[in-house]
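Student: I have a structure I would like to understand better, so I am pasting it below and will then ask my questions one at a time.
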Amino acid sequence: IQLEFSKTLKFEDDFEYIFIIDKEGQLMVHSFNENDFPNELKDINFLKKGGEYSIKRFETEKGILVDFAYPVFDGNLGVLHLGINEKSITEVLFSIIWTIILIIILILIAGVIGAIIFVNKVIKPIEELVFVTNKISKGDLSIRADIKTNDEIGLLAGSFNRMIEHIEIRDKELEDARNNLELKVEEKTKEVQKLYEQFLQANKMNALGTLSGGIAHDFNNILFAILGNAQILKMT
């Protein structure tokens, strides 16, 4: 086991030592050379009975070390002590912090991109529909909703454009019908005016005929009277 501990330390530069103390407080195995184990390490970090772990900082010639004590098989085999340089722990923590910060930045960027996509796919098409609706309410039927998405808003825009086309066709038909009606009214008005003028002309002719007949009758009466008087005078 001690050999395995030594091999572990060779591959793990952050580990300064590993050792196990049995239940009686005796050293079982360690990662130091055979007779180089510093006995003061035994009393650096004491794990209470039933405790899950214990952490202790202390200063050495190599800098500040952190001793982690863990029970082996619930303490039945003793306590495992692992010594790690605090500088390594700090570097790991900073690495974790920077990783978290990077993840947060990536999430924010993804959120911004998602918001932009949402605006382009949802908000702008809705604003386009509102703009077109306002134009149509002012009588501009030449405008169309320029939305070419394959979602519900795109389908709504297509239906909206078809509705505008139908309204435009209906208004064109109504305009043509109104123009035809005005033309027919104008034609009928001219016909009525012409008939009225003919009626007035006929009435004038009838009136002149009646007047002429009356004048001729009166003239004949006067003429007969004159002729009668002339005959009487001739006889006398």
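If you're wondering about the labels, chains in the structure tokens are A, B, ... by order shown, residues count from 1 in each chain, ligands from 1 in order shown.
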Enumerate, as a PyMOL selection string, the complete set of residues in chain A that a backbone-based DSSP assignment places in helix (DSSP H, G or I).
Tutor: chain A and resi 2-11+39-43+86-137+152-235
Student: With only C-alpha atoms as the basis for distance, which of A:Leu174, A:Ile64, A:Ile113, A:Ala157 is at the shortest distance from Lys87 in chain A?
Tutor: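 Among the listed residues, A:Ile64 lies closest to Lys87 in chain A.
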Student: What are the DSSP strand (DSSP E) residues of range 10-224 of chain A, as a PyMOL selection string?
Tutor: chain A and resi 15-21+27-30+54-60+63-72+78-85
Student: Please measure the separation of CA of Tyr53 in chain A and CA of Tyr70 in chain A, giving the value in Å to one decimal.
Tutor: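 Those two atoms sit 4.8 Å apart.
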Student: For range 152-155 of chain A, work out the shell of residues within 10 Å, counting only C-alpha atoms and skipping chain neighbours fewer than 4 positions away, then give it as a PDB file with C-alpha atoms, in the first residue's frame.
Tutor:
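Ended up saving to selection-v4.pdb:
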```pdb
ATOM      1  CA  LYS A 121     -39.243  35.624 -35.419  1.00  0.00           C
ATOM      2  CA  VAL A 122     -42.057  36.942 -33.211  1.00  0.00           C
ATOM      3  CA  PRO A 125     -43.540  40.072 -37.638  1.00  0.00           C
ATOM      4  CA  ILE A 126     -46.197  41.254 -35.156  1.00  0.00           C
ATOM      5  CA  LEU A 129     -48.801  43.183 -39.040  1.00  0.00           C
ATOM      6  CA  ALA A 145     -47.432  42.041 -44.970  1.00  0.00           C
ATOM      7  CA  ASP A 146     -43.855  41.053 -45.882  1.00  0.00           C
ATOM      8  CA  ILE A 147     -43.550  38.036 -43.564  1.00  0.00           C
ATOM      9  CA  LYS A 148     -42.115  34.798 -44.966  1.00  0.00           C
ATOM     10  CA  SER A 159     -54.234  34.828 -44.655  1.00  0.00           C
ATOM     11  CA  PHE A 160     -54.057  38.555 -43.926  1.00  0.00           C
ATOM     12  CA  ASN A 161     -52.654  39.287 -47.398  1.00  0.00           C
TER      13      ASN A 161
END
```
Student: Calculate how many Å separate CA of Leu27 in chain A from CA of Leu77 in chain A, rounding to one decimal.
Tutor: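 CA of Leu77 in chain A lies 11.4 Å from CA of Leu27 in chain A.
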